[in-house]
$ cat structure-v7.csv   # CSV, C-alpha atoms
chain,number,residue,atom,x,y,z
F,1,MET,CA,0.0,0.0,0.0
F,2,SER,CA,1.3,3.5,-0.8
F,3,ARG,CA,1.9,6.3,1.6
F,4,LYS,CA,-1.1,8.7,2.1
F,5,LYS,CA,-0.9,12.0,0.2
F,6,GLY,CA,1.0,14.5,2.3
F,7,GLN,CA,1.9,11.9,4.9
F,8,VAL,CA,5.3,12.5,6.5
F,9,PHE,CA,6.8,10.3,9.1
F,10,SER,CA,8.8,11.8,12.0
F,11,ALA,CA,12.0,10.3,13.3
F,12,GLU,CA,10.1,8.9,16.3
F,13,GLN,CA,7.6,7.2,14.0
F,14,LYS,CA,10.3,5.7,11.8
F,15,THR,CA,12.1,4.4,14.9
F,16,LYS,CA,8.9,2.8,16.2
F,17,ILE,CA,8.3,1.1,12.8
F,18,VAL,CA,11.9,-0.2,12.7
F,19,LEU,CA,11.7,-1.5,16.2
F,20,GLU,CA,8.5,-3.4,15.2
F,21,LEU,CA,10.4,-4.8,12.3
F,22,LEU,CA,13.3,-5.9,14.5
F,23,LYS,CA,10.9,-7.8,16.8
F,24,GLU,CA,10.2,-10.0,13.8
F,25,ASP,CA,6.6,-10.7,14.8
F,26,GLN,CA,5.4,-9.4,11.4
F,27,THR,CA,6.6,-9.6,7.8
F,28,ILE,CA,7.7,-6.5,6.0
F,29,ALA,CA,4.6,-6.8,3.8
F,30,GLN,CA,2.4,-6.7,6.9
F,31,LEU,CA,4.1,-3.7,8.4
F,32,ALA,CA,4.0,-1.9,5.0
F,33,SER,CA,0.2,-2.5,4.8
F,34,LYS,CA,-0.3,-1.5,8.4
F,35,TYR,CA,1.4,1.9,8.0
F,36,GLN,CA,0.5,2.4,4.4
F,37,ILE,CA,4.1,2.7,3.1
F,38,THR,CA,6.3,0.7,0.8
F,39,THR,CA,8.5,-2.2,1.9
F,40,LYS,CA,11.5,-0.4,0.4
F,41,SER,CA,11.0,2.6,2.8
F,42,ILE,CA,11.0,0.3,5.8
F,43,GLN,CA,14.2,-1.5,4.6
F,44,ASN,CA,15.9,1.9,4.1
F,45,TRP,CA,14.9,3.1,7.6
F,46,LYS,CA,16.2,-0.2,9.1
F,47,LYS,CA,19.5,0.3,7.3
F,48,GLN,CA,19.8,3.9,8.5
F,49,PHE,CA,18.9,2.9,12.1
F,50,LEU,CA,21.5,0.2,12.3
F,51,GLU,CA,24.2,2.2,10.7
F,52,ASN,CA,23.7,5.1,13.2
F,53,ALA,CA,22.9,3.0,16.3
F,54,ALA,CA,26.3,3.5,17.8
F,55,ILE,CA,25.8,7.3,18.0
F,56,ALA,CA,23.4,6.8,20.8
F,57,PHE,CA,26.2,5.6,23.1
F,58,GLU,CA,28.7,8.3,22.1
F,59,PRO,CA,26.7,11.5,21.5
F,60,ALA,CA,29.6,13.7,22.5
F,61,ARG,CA,31.8,12.2,19.9
F,62,ALA,CA,29.2,12.4,17.2
F,63,VAL,CA,28.6,16.1,18.0
F,64,SER,CA,32.4,16.7,17.9
F,65,GLU,CA,32.8,14.9,14.6
F,66,PHE,CA,29.8,16.8,13.2
F,67,LYS,CA,31.3,20.1,14.2
F,68,ASN,CA,34.7,19.2,12.7
F,69,GLU,CA,32.9,18.2,9.5
F,70,ILE,CA,31.0,21.5,9.5
F,71,ASN,CA,34.3,23.5,9.9
F,72,GLU,CA,35.9,21.5,7.0
F,73,LEU,CA,32.9,22.1,4.8
F,74,LYS,CA,33.0,25.8,5.7
F,75,LYS,CA,36.6,26.1,4.5
F,76,GLU,CA,35.7,24.3,1.3
F,77,ASN,CA,32.7,26.5,0.9
F,78,ASP,CA,34.7,29.7,1.2
F,79,ALA,CA,37.3,28.5,-1.3
F,80,LEU,CA,34.6,27.5,-3.8
F,81,ALA,CA,32.7,30.8,-3.2
F,82,ARG,CA,35.8,32.8,-4.2
F,83,ALA,CA,36.4,30.7,-7.3
F,84,LEU,CA,32.9,29.9,-8.6
F,85,GLY,CA,30.6,32.1,-6.7
F,86,LYS,CA,28.2,31.5,-3.9
F,87,THR,CA,25.4,30.3,-6.2
F,88,THR,CA,27.5,27.5,-7.7
F,89,VAL,CA,28.5,26.3,-4.2
F,90,GLU,CA,24.9,26.2,-3.0
F,91,ARG,CA,23.9,24.2,-6.1
F,92,ASP,CA,26.6,21.6,-5.6
F,93,TRP,CA,25.7,21.2,-1.9
F,94,ALA,CA,22.0,20.7,-2.8
F,95,VAL,CA,22.8,18.1,-5.5
F,96,GLY,CA,24.9,16.1,-3.1
F,97,LYS,CA,22.2,16.1,-0.5
F,98,LEU,CA,19.6,15.0,-3.1
F,99,GLU,CA,21.7,12.1,-4.1
F,100,SER,CA,21.8,10.8,-0.5
F,101,LEU,CA,17.9,10.7,-0.3
F,102,ASP,CA,15.9,7.7,-1.1
F,103,LEU,CA,13.0,7.7,-3.6
F,104,SER,CA,10.2,8.4,-1.0
F,105,ASN,CA,12.0,11.4,0.4
F,106,LYS,CA,12.7,12.8,-3.1
F,107,LYS,CA,9.0,12.4,-4.0
F,108,ASP,CA,8.1,14.5,-1.0
F,109,LEU,CA,10.1,17.4,-2.4
F,110,VAL,CA,7.9,17.7,-5.4
F,111,ASP,CA,5.5,20.6,-5.0
F,112,SER,CA,2.4,20.3,-7.3
F,113,LYS,CA,1.3,23.9,-6.3
F,114,LEU,CA,4.6,25.5,-7.4
F,115,SER,CA,3.7,27.7,-10.4
F,116,THR,CA,7.2,28.8,-11.4
F,117,VAL,CA,8.7,25.3,-11.9
F,118,SER,CA,6.7,22.6,-13.6
F,119,MET,CA,6.4,19.1,-12.0
F,120,THR,CA,8.2,17.6,-14.9
F,121,ARG,CA,11.1,19.9,-14.4
F,122,GLN,CA,11.1,19.3,-10.7
F,123,CYS,CA,11.3,15.6,-11.3
F,124,GLU,CA,14.2,16.1,-13.7
F,125,MET,CA,16.1,18.2,-11.2
F,126,ILE,CA,15.6,15.8,-8.4
F,127,GLY,CA,16.4,12.8,-10.6
F,128,ILE,CA,13.2,10.8,-10.5
F,129,SER,CA,10.7,9.8,-13.2
F,130,ARG,CA,7.3,11.6,-13.1
F,131,SER,CA,5.5,8.3,-13.3
F,132,SER,CA,6.9,7.3,-9.9
F,133,LEU,CA,4.9,10.1,-8.3
F,134,TYR,CA,1.7,8.3,-9.1
F,135,TYR,CA,2.8,4.7,-8.4
F,136,LYS,CA,0.9,3.1,-5.7
F,137,PRO,CA,2.4,-0.3,-4.6
F,138,LYS,CA,-0.2,-2.9,-3.7
F,139,PRO,CA,0.1,-5.5,-0.9
F,140,MET,CA,0.8,-9.0,-2.3
F,141,SER,CA,-2.4,-10.7,-3.4
F,142,GLU,CA,-3.5,-14.2,-2.5
F,143,TYR,CA,-2.8,-15.3,-6.1
F,144,GLU,CA,0.8,-14.0,-5.9
F,145,LEU,CA,1.4,-15.7,-2.6
F,146,MET,CA,0.0,-18.9,-3.9
F,147,LEU,CA,2.2,-18.7,-7.0
F,148,LEU,CA,5.3,-18.1,-4.9
F,149,HIS,CA,4.5,-21.0,-2.6
F,150,ARG,CA,3.9,-23.4,-5.5
F,151,ILE,CA,7.1,-22.3,-7.3
F,152,ASP,CA,9.0,-22.9,-4.1
F,153,GLU,CA,7.5,-26.4,-3.8
F,154,ILE,CA,8.3,-27.3,-7.4
F,155,TYR,CA,11.8,-26.0,-7.1
F,156,THR,CA,12.5,-27.8,-3.9
F,157,LEU,CA,11.3,-31.1,-5.4
F,158,ASN,CA,13.2,-30.4,-8.7
F,159,PRO,CA,16.1,-28.1,-8.0
F,160,GLU,CA,17.4,-28.7,-11.5
F,161,TYR,CA,14.3,-27.0,-13.0
F,162,GLY,CA,14.7,-23.6,-14.7
F,163,TYR,CA,11.9,-21.2,-15.2
F,164,ARG,CA,10.7,-22.9,-18.4
F,165,PHE,CA,10.2,-26.3,-16.7
F,166,ILE,CA,8.6,-24.7,-13.6
F,167,HIS,CA,6.3,-22.7,-16.0
F,168,ARG,CA,5.3,-26.0,-17.7
F,169,GLN,CA,4.6,-27.6,-14.3
F,170,LEU,CA,2.5,-24.7,-13.2
F,171,LEU,CA,0.4,-25.0,-16.4
F,172,GLU,CA,0.0,-28.7,-15.9
F,173,ASP,CA,-1.2,-27.9,-12.3
F,174,GLY,CA,-3.9,-25.6,-13.8
F,175,ILE,CA,-2.2,-22.3,-12.9
F,176,THR,CA,-2.4,-19.8,-15.7
F,177,VAL,CA,0.8,-17.7,-15.7
F,178,GLY,CA,3.3,-16.3,-18.2
F,179,ARG,CA,7.0,-17.3,-18.4
F,180,GLU,CA,8.2,-13.8,-17.5
F,181,LYS,CA,6.1,-13.9,-14.3
F,182,VAL,CA,7.6,-17.2,-13.3
F,183,LEU,CA,11.1,-15.8,-14.0
F,184,SER,CA,10.5,-12.6,-12.0
F,185,SER,CA,9.0,-14.7,-9.1
F,186,MET,CA,12.1,-16.9,-9.1
F,187,ARG,CA,14.3,-13.8,-8.9
F,188,LEU,CA,12.2,-12.6,-6.0
F,189,LEU,CA,12.8,-15.9,-4.2
F,190,SER,CA,16.5,-15.8,-5.2
F,191,ILE,CA,16.4,-19.3,-6.7
F,192,SER,CA,17.8,-20.7,-9.9
F,193,ALA,CA,18.3,-24.1,-11.4
F,194,ILE,CA,21.0,-26.2,-9.8
F,195,TYR,CA,23.2,-27.8,-12.4
F,196,PRO,CA,26.9,-27.5,-13.5
F,197,HIS,CA,27.6,-25.4,-16.5
F,198,LYS,CA,30.4,-23.3,-17.8
F,199,LYS,CA,30.9,-20.0,-16.1
F,200,LYS,CA,30.1,-17.1,-18.4
F,201,LEU,CA,32.6,-14.2,-18.2
F,202,THR,CA,29.8,-11.6,-18.4
F,203,SER,CA,29.5,-10.5,-14.8
F,204,ILE,CA,30.6,-7.0,-13.7
F,205,LYS,CA,32.1,-6.9,-10.3
F,206,HIS,CA,30.9,-4.1,-8.0
F,207,PRO,CA,34.0,-2.1,-6.7
F,208,GLN,CA,32.8,-2.5,-3.1
F,209,HIS,CA,31.7,-6.2,-3.5
F,210,HIS,CA,34.7,-8.3,-4.4
F,211,ILE,CA,33.9,-11.8,-5.7
F,212,TYR,CA,36.3,-14.4,-4.2
F,213,GLU,CA,37.7,-17.5,-5.8
F,214,TYR,CA,35.9,-20.9,-5.4
F,215,LEU,CA,38.3,-22.9,-3.1
F,216,LEU,CA,36.6,-26.3,-2.9
F,217,LYS,CA,37.9,-27.8,-6.1
F,218,GLU,CA,40.6,-29.5,-4.1
F,219,TYR,CA,37.8,-31.5,-2.4
F,220,TRP,CA,36.3,-32.8,-5.6
F,221,VAL,CA,36.5,-36.6,-5.9
F,222,PRO,CA,35.3,-38.9,-8.8
F,223,ARG,CA,31.9,-40.5,-8.5
F,224,GLY,CA,31.2,-42.5,-11.6
F,225,ARG,CA,31.2,-40.1,-14.6
F,226,THR,CA,30.8,-37.1,-12.4
F,227,LYS,CA,32.5,-35.6,-9.3
F,228,GLN,CA,31.3,-34.8,-5.8
F,229,ILE,CA,32.8,-32.8,-2.9
F,230,HIS,CA,34.2,-34.8,-0.1
F,231,VAL,CA,35.5,-33.0,3.0
F,232,ASN,CA,37.5,-35.2,5.3
F,233,ASN,CA,37.0,-33.6,8.7
F,234,PRO,CA,34.7,-31.2,10.7
F,235,ASN,CA,35.6,-27.5,10.7
F,236,GLU,CA,37.5,-27.8,7.3
F,237,VAL,CA,34.6,-26.2,5.4
F,238,TRP,CA,31.5,-24.3,6.6
F,239,SER,CA,28.8,-23.1,4.2
F,240,GLY,CA,26.2,-20.4,4.5
F,241,ASP,CA,23.1,-19.6,2.5
F,242,ILE,CA,19.6,-18.0,2.8
F,243,THR,CA,16.3,-19.6,1.7
F,244,TYR,CA,12.7,-18.4,1.5
F,245,ILE,CA,10.0,-19.7,3.8
F,246,ARG,CA,6.4,-19.2,2.8
F,247,MET,CA,3.8,-17.7,5.2
F,248,ASN,CA,0.1,-16.9,4.9
F,249,GLY,CA,0.8,-13.2,5.3
F,250,GLY,CA,3.9,-13.0,3.1
F,251,PHE,CA,7.3,-14.8,3.5
F,252,MET,CA,10.2,-15.0,5.8
F,253,TYR,CA,13.9,-15.8,5.3
F,254,LEU,CA,16.1,-18.4,7.0
F,255,ALA,CA,19.8,-18.1,7.1
F,256,ALA,CA,22.0,-21.1,8.2
F,257,VAL,CA,25.6,-22.2,8.6
F,258,ILE,CA,26.4,-25.9,8.0
F,259,ASP,CA,29.5,-27.9,8.7
F,260,TRP,CA,30.2,-29.6,5.4
F,261,HIS,CA,31.6,-32.9,6.7
F,262,THR,CA,29.1,-33.7,9.5
F,263,LYS,CA,26.2,-31.8,7.9
F,264,ALA,CA,25.5,-30.3,11.4
F,265,ILE,CA,23.7,-27.0,11.4
F,266,LEU,CA,25.9,-24.8,13.6
F,267,ALA,CA,23.7,-21.7,13.6
F,268,TYR,CA,20.5,-20.3,12.0
F,269,LYS,CA,18.2,-17.3,12.1
F,270,ILE,CA,14.8,-16.5,10.8
F,271,SER,CA,14.1,-12.9,9.7
F,272,ASN,CA,11.5,-10.9,7.8
F,273,SER,CA,14.1,-9.1,5.7
F,274,MET,CA,17.0,-10.5,3.6
F,275,ASP,CA,19.9,-8.1,4.2
F,276,ALA,CA,23.5,-8.3,5.1
F,277,SER,CA,22.8,-8.4,8.9
F,278,LEU,CA,20.9,-11.7,8.5
F,279,ALA,CA,24.0,-13.4,7.1
F,280,THR,CA,26.5,-11.7,9.5
F,281,ASP,CA,24.4,-12.5,12.6
F,282,VAL,CA,24.3,-16.2,11.8
F,283,LEU,CA,28.1,-16.2,11.1
F,284,LYS,CA,28.8,-14.4,14.4
F,285,ASP,CA,26.6,-16.8,16.3
F,286,ALA,CA,28.4,-19.9,14.8
F,287,LEU,CA,31.9,-18.5,15.5
F,288,ALA,CA,30.9,-17.6,19.1
F,289,LYS,CA,29.9,-21.2,19.8
F,290,TYR,CA,32.3,-23.3,17.9
F,291,PRO,CA,36.0,-23.3,16.7
F,292,LYS,CA,36.5,-21.5,13.4
F,293,PRO,CA,36.7,-23.4,10.1
F,294,LYS,CA,39.5,-23.2,7.5
F,295,ILE,CA,37.2,-22.2,4.7
F,296,PHE,CA,33.8,-20.5,4.5
F,297,ASN,CA,31.9,-21.0,1.3
F,298,SER,CA,28.8,-19.1,0.0
F,299,ASP,CA,27.1,-17.9,-3.1
F,300,GLN,CA,27.8,-14.5,-4.7
F,301,GLY,CA,24.7,-12.9,-3.1
F,302,SER,CA,25.1,-9.3,-1.8
F,303,GLN,CA,24.6,-10.5,1.7
F,304,TYR,CA,27.8,-12.6,1.5
F,305,THR,CA,29.9,-10.3,-0.6
F,306,SER,CA,29.1,-7.3,1.6
F,307,HIS,CA,32.0,-5.7,3.5
F,308,GLU,CA,30.4,-6.5,6.8
F,309,HIS,CA,30.4,-10.3,6.2
F,310,THR,CA,33.8,-10.6,4.5
F,311,GLN,CA,35.4,-8.5,7.2
F,312,ILE,CA,34.3,-10.9,9.9
F,313,LEU,CA,35.9,-13.8,7.9
F,314,LYS,CA,39.1,-11.8,7.4
F,315,GLU,CA,39.4,-10.8,11.0
F,316,SER,CA,39.0,-14.5,12.0
F,317,ASP,CA,41.6,-15.6,9.4
F,318,ILE,CA,39.1,-17.8,7.5
F,319,ALA,CA,39.6,-18.3,3.8
F,320,ILE,CA,36.7,-17.0,1.8
F,321,SER,CA,35.3,-19.1,-1.0
F,322,MET,CA,32.4,-18.3,-3.3
F,323,ASN,CA,30.4,-20.4,-5.8
F,324,GLY,CA,31.0,-19.9,-9.5
F,325,LYS,CA,28.4,-17.6,-11.1
F,326,GLY,CA,25.2,-19.5,-11.6
F,327,ARG,CA,26.6,-22.7,-9.9
F,328,SER,CA,24.4,-23.4,-6.9
F,329,ILE,CA,25.7,-26.9,-7.0
F,330,ASP,CA,29.0,-25.6,-5.6
F,331,ASN,CA,27.2,-25.1,-2.3
F,332,ILE,CA,25.2,-28.3,-2.5
F,333,ALA,CA,25.5,-29.3,1.1
F,334,ILE,CA,23.3,-26.5,2.4
F,335,GLU,CA,21.1,-26.6,-0.6
F,336,ARG,CA,20.2,-30.2,0.2
F,337,PHE,CA,19.6,-29.4,3.9
F,338,PHE,CA,17.1,-26.7,2.9
F,339,ARG,CA,15.3,-29.2,0.7
F,340,THR,CA,15.1,-31.7,3.6
F,341,LEU,CA,13.9,-28.9,6.0
F,342,LYS,CA,11.1,-27.9,3.7
F,343,TYR,CA,9.8,-31.4,3.0
F,344,SER,CA,10.3,-32.7,6.5
F,345,CYS,CA,9.0,-29.6,8.3
F,346,ILE,CA,7.7,-26.6,6.4
F,347,TYR,CA,5.4,-28.3,3.8
F,348,ILE,CA,3.8,-30.7,6.3
F,349,SER,CA,3.1,-28.0,8.9
F,350,ASN,CA,0.5,-25.3,8.9
F,351,PHE,CA,2.3,-22.5,10.5
F,352,THR,CA,-0.1,-19.6,10.9
F,353,THR,CA,2.0,-17.2,12.8
F,354,ILE,CA,5.7,-16.2,12.9
F,355,GLU,CA,6.0,-17.5,16.5
F,356,GLU,CA,4.6,-20.9,15.4
F,357,LEU,CA,7.1,-20.9,12.5
F,358,LYS,CA,10.1,-20.2,14.8
F,359,ASN,CA,9.1,-22.8,17.3
F,360,GLY,CA,8.5,-25.4,14.6
F,361,ILE,CA,11.9,-24.8,13.0
F,362,LYS,CA,13.6,-24.8,16.4
F,363,ASP,CA,12.1,-28.2,17.2
F,364,TYR,CA,13.1,-29.5,13.7
F,365,MET,CA,16.7,-28.2,14.0
F,366,HIS,CA,17.1,-30.1,17.3
F,367,LYS,CA,15.7,-33.3,15.7
F,368,TYR,CA,17.9,-32.9,12.6
F,369,ASN,CA,21.1,-32.3,14.6
F,370,PHE,CA,20.7,-34.8,17.4
F,371,GLN,CA,18.1,-37.4,16.4
F,372,ARG,CA,18.1,-37.9,12.6
F,373,PHE,CA,20.5,-40.3,11.0
F,374,HIS,CA,22.6,-39.0,8.1
F,375,SER,CA,23.8,-41.5,5.5
F,376,SER,CA,26.9,-39.4,4.5
F,377,ILE,CA,28.5,-39.9,8.0
F,378,GLY,CA,27.7,-43.6,8.3
F,379,TYR,CA,24.1,-43.2,9.6
F,380,GLN,CA,25.2,-41.2,12.7
F,381,LYS,CA,23.7,-38.0,14.1
F,382,PRO,CA,25.2,-34.8,12.6
F,383,MET,CA,25.7,-32.8,15.8
F,384,ASN,CA,26.9,-35.8,17.9
F,385,VAL,CA,29.7,-36.4,15.4
F,386,TYR,CA,30.6,-32.7,15.3
F,387,LEU,CA,30.7,-32.2,19.0
F,388,GLU,CA,32.7,-35.4,19.5
F,389,TYR,CA,35.3,-34.1,17.1
F,390,VAL,CA,35.5,-30.7,18.8
F,391,LYS,CA,35.9,-32.4,22.1
F,392,SER,CA,38.7,-34.6,20.7
F,393,VAL,CA,40.8,-31.7,19.4
F,394,ALA,CA,40.2,-29.4,22.4

$ encode --input "structure-v7.csv" --output "structure tokens"
Amino acid sequence: MSRKKGQVFSAEQKTKIVLELLKEDQTIAQLASKYQITTKSIQNWKKQFLENAAIAFEPARAVSEFKNEINELKKENDALARALGKTTVERDWAVGKLESLDLSNKKDLVDSKLSTVSMTRQCEMIGISRSSLYYKPKPMSEYELMLLHRIDEIYTLNPEYGYRFIHRQLLEDGITVGREKVLSSMRLLSISAIYPHKKKLTSIKHPQHHIYEYLLKEYWVPRGRTKQIHVNNPNEVWSGDITYIRMNGGFMYLAAVIDWHTKAILAYKISNSMDASLATDVLKDALAKYPKPKIFNSDQGSQYTSHEHTQILKESDIAISMNGKGRSIDNIAIERFFRTLKYSCIYISNFTTIEELKNGIKDYMHKYNFQRFHSSIGYQKPMNVYLEYVKSVA
């Protein structure tokens, strides 16, 4: 649902909404509908809140730094004023401030009653399209939720399916939908077909998001005509990933860290937003409880290529490994766990609230780690094998 015309949220109101989000009792879609704002606005507010949270504990330092910054800017302003004139300086300052604003704040600057500057020109100056002024996002419909849920089911059962095969299955199920809609839905869920293929050298690396080399090739062993990854001991390789979990009122995200040898789940977290903090929180939790691994492997998602996540690994002296582009099979250990989780817990349970979901997954994680046999470790229990190893090397 879109923001009401003329509605402006104060800092206190934004803080209240962010705190509700962090409680994780509601999905982002539910909060957006409740306050009649876009999910993007809530995500931006959360990011700003977390980035500036430390200021609350060091207000004097923040004020001092702000004063120093003002003094430096004043000196620059005086120099520019002498060279270019005061008007040019003010313009450059305004442009810089505009660039730091998100879309919703930029839209608030447009004045429809201003007679001297047209709305089209105002939009051009601010850097937004005029059509965005009239866009009203709608809450996810029951059909869209049903479609996402069914795509997730098909993909979990057939992880090698691309959007064409999933589209064909949906049509066979009696669901009328176009191929492009299936493709965009898969992108929303961050899923793609799992199969090995040649890496295309077409990706452009973000200057702040370095893509690291895939380090698990040394663990490849022959298996018939193909190869599989075999890790000899616990704590040699950990893997991290994020998956989508369907809910009646939207969807949640589950991040987990798995030990590749024992298949034990070392840490996990459920959240209503898929951002860098979801991945970093799980990694910090695993490192706080268990000895560090030699290698941490993940996909090339922004949550794992972020500075925050890679910095934790560097500070812990853990080698960073990332899948080849489009090669989900490179992280197959945790992909298989997510599939097991969904078919053994999610799909057979009718979780109606986030609290029920969290409790249900908590119970399943204990069952999976301590009670369920795993064939890859000689039909032993994953966490029992892992903890026995940790005890033996302590």

$ closest_residue --input "structure-v7.csv" --among "F:Gln380, F:Thr243, F:Gln311, F:Asp317" --to "F:Leu341" --atoms "all atoms listed in the file"
F:Thr243

$ atom_distance --input "structure-v7.csv" --atom1 "atom CA of F:Ile334" --atom2 "atom CA of F:Asn233"
16.7 Å

$ closest_residue --input "structure-v7.csv" --among "F:Cys345, F:Ile191, F:Leu278, F:Val221" --to "F:Gln303" --atoms "all atoms listed in the file"
F:Leu278

$ closest_residue --input "structure-v7.csv" --among "F:Asp78, F:Glu172, F:Glu236, F:Asp108" --to "F:Ile128" --atoms "all atoms listed in the file"
F:Asp108

$ residues_around --input "structure-v7.csv" --residues "F:Asn158" --least-positions-apart "4" --cutoff "12 Å" --atoms "only C-alpha atoms" --output "list of chain:residue names"
F:Ile151, F:Asp152, F:Glu153, F:Ile154, F:Gly162, F:Tyr163, F:Phe165, F:Ile166, F:Gln169, F:Ile191, F:Ser192, F:Ala193, F:Ile194, F:Tyr195, F:Glu335, F:Arg336, F:Arg339

$ residues_near_point --input "structure-v7.csv" --point "(22.4, -32.3, 15.3)" --cutoff "10 Å" --atoms "all atoms listed in the file" --output "PyMOL selection string"
chain F and resi 262-266+364-374+380-387

$ closest_residue --input "structure-v7.csv" --among "F:Leu80, F:Ile295, F:Ile242, F:Val8" --to "F:Ser190" --atoms "all atoms listed in the file"
F:Ile242

$ closest_residue --input "structure-v7.csv" --among "F:Ala11, F:Leu133, F:Leu50, F:Ile28" --to "F:Ser277" --atoms "all atoms listed in the file"
F:Leu50

$ atom_distance --input "structure-v7.csv" --atom1 "atom CA of F:Asp25" --atom2 "atom CA of F:Glu355"
7.0 Å

$ residues_around --input "structure-v7.csv" --residues "F:Met247" --least-positions-apart "5" --cutoff "9 Å" --atoms "all atoms listed in the file" --output "MDAnalysis selection string"
chainID F and resid 27 145 149 252 351:354 357

$ write_last_selection --input "structure-v7.csv" --atoms "C-alpha atoms" --output "short mmCIF file (atom, residue, chain, number, x, y, z; two decimals), keeping the file's coordinate frame"
data_model
loop_
_atom_site.label_atom_id
_atom_site.label_comp_id
_atom_site.auth_asym_id
_atom_site.auth_seq_id
_atom_site.Cartn_x
_atom_site.Cartn_y
_atom_site.Cartn_z
CA THR F 27 6.60 -9.60 7.80
CA LEU F 145 1.40 -15.70 -2.60
CA HIS F 149 4.50 -21.00 -2.60
CA MET F 252 10.20 -15.00 5.80
CA PHE F 351 2.30 -22.50 10.50
CA THR F 352 -0.10 -19.60 10.90
CA THR F 353 2.00 -17.20 12.80
CA ILE F 354 5.70 -16.20 12.90
CA LEU F 357 7.10 -20.90 12.50
#

$ closest_residue --input "structure-v7.csv" --among "F:Leu19, F:Thr38, F:Pro291, F:Gly301" --to "F:Asn235" --atoms "all atoms listed in the file"
F:Pro291
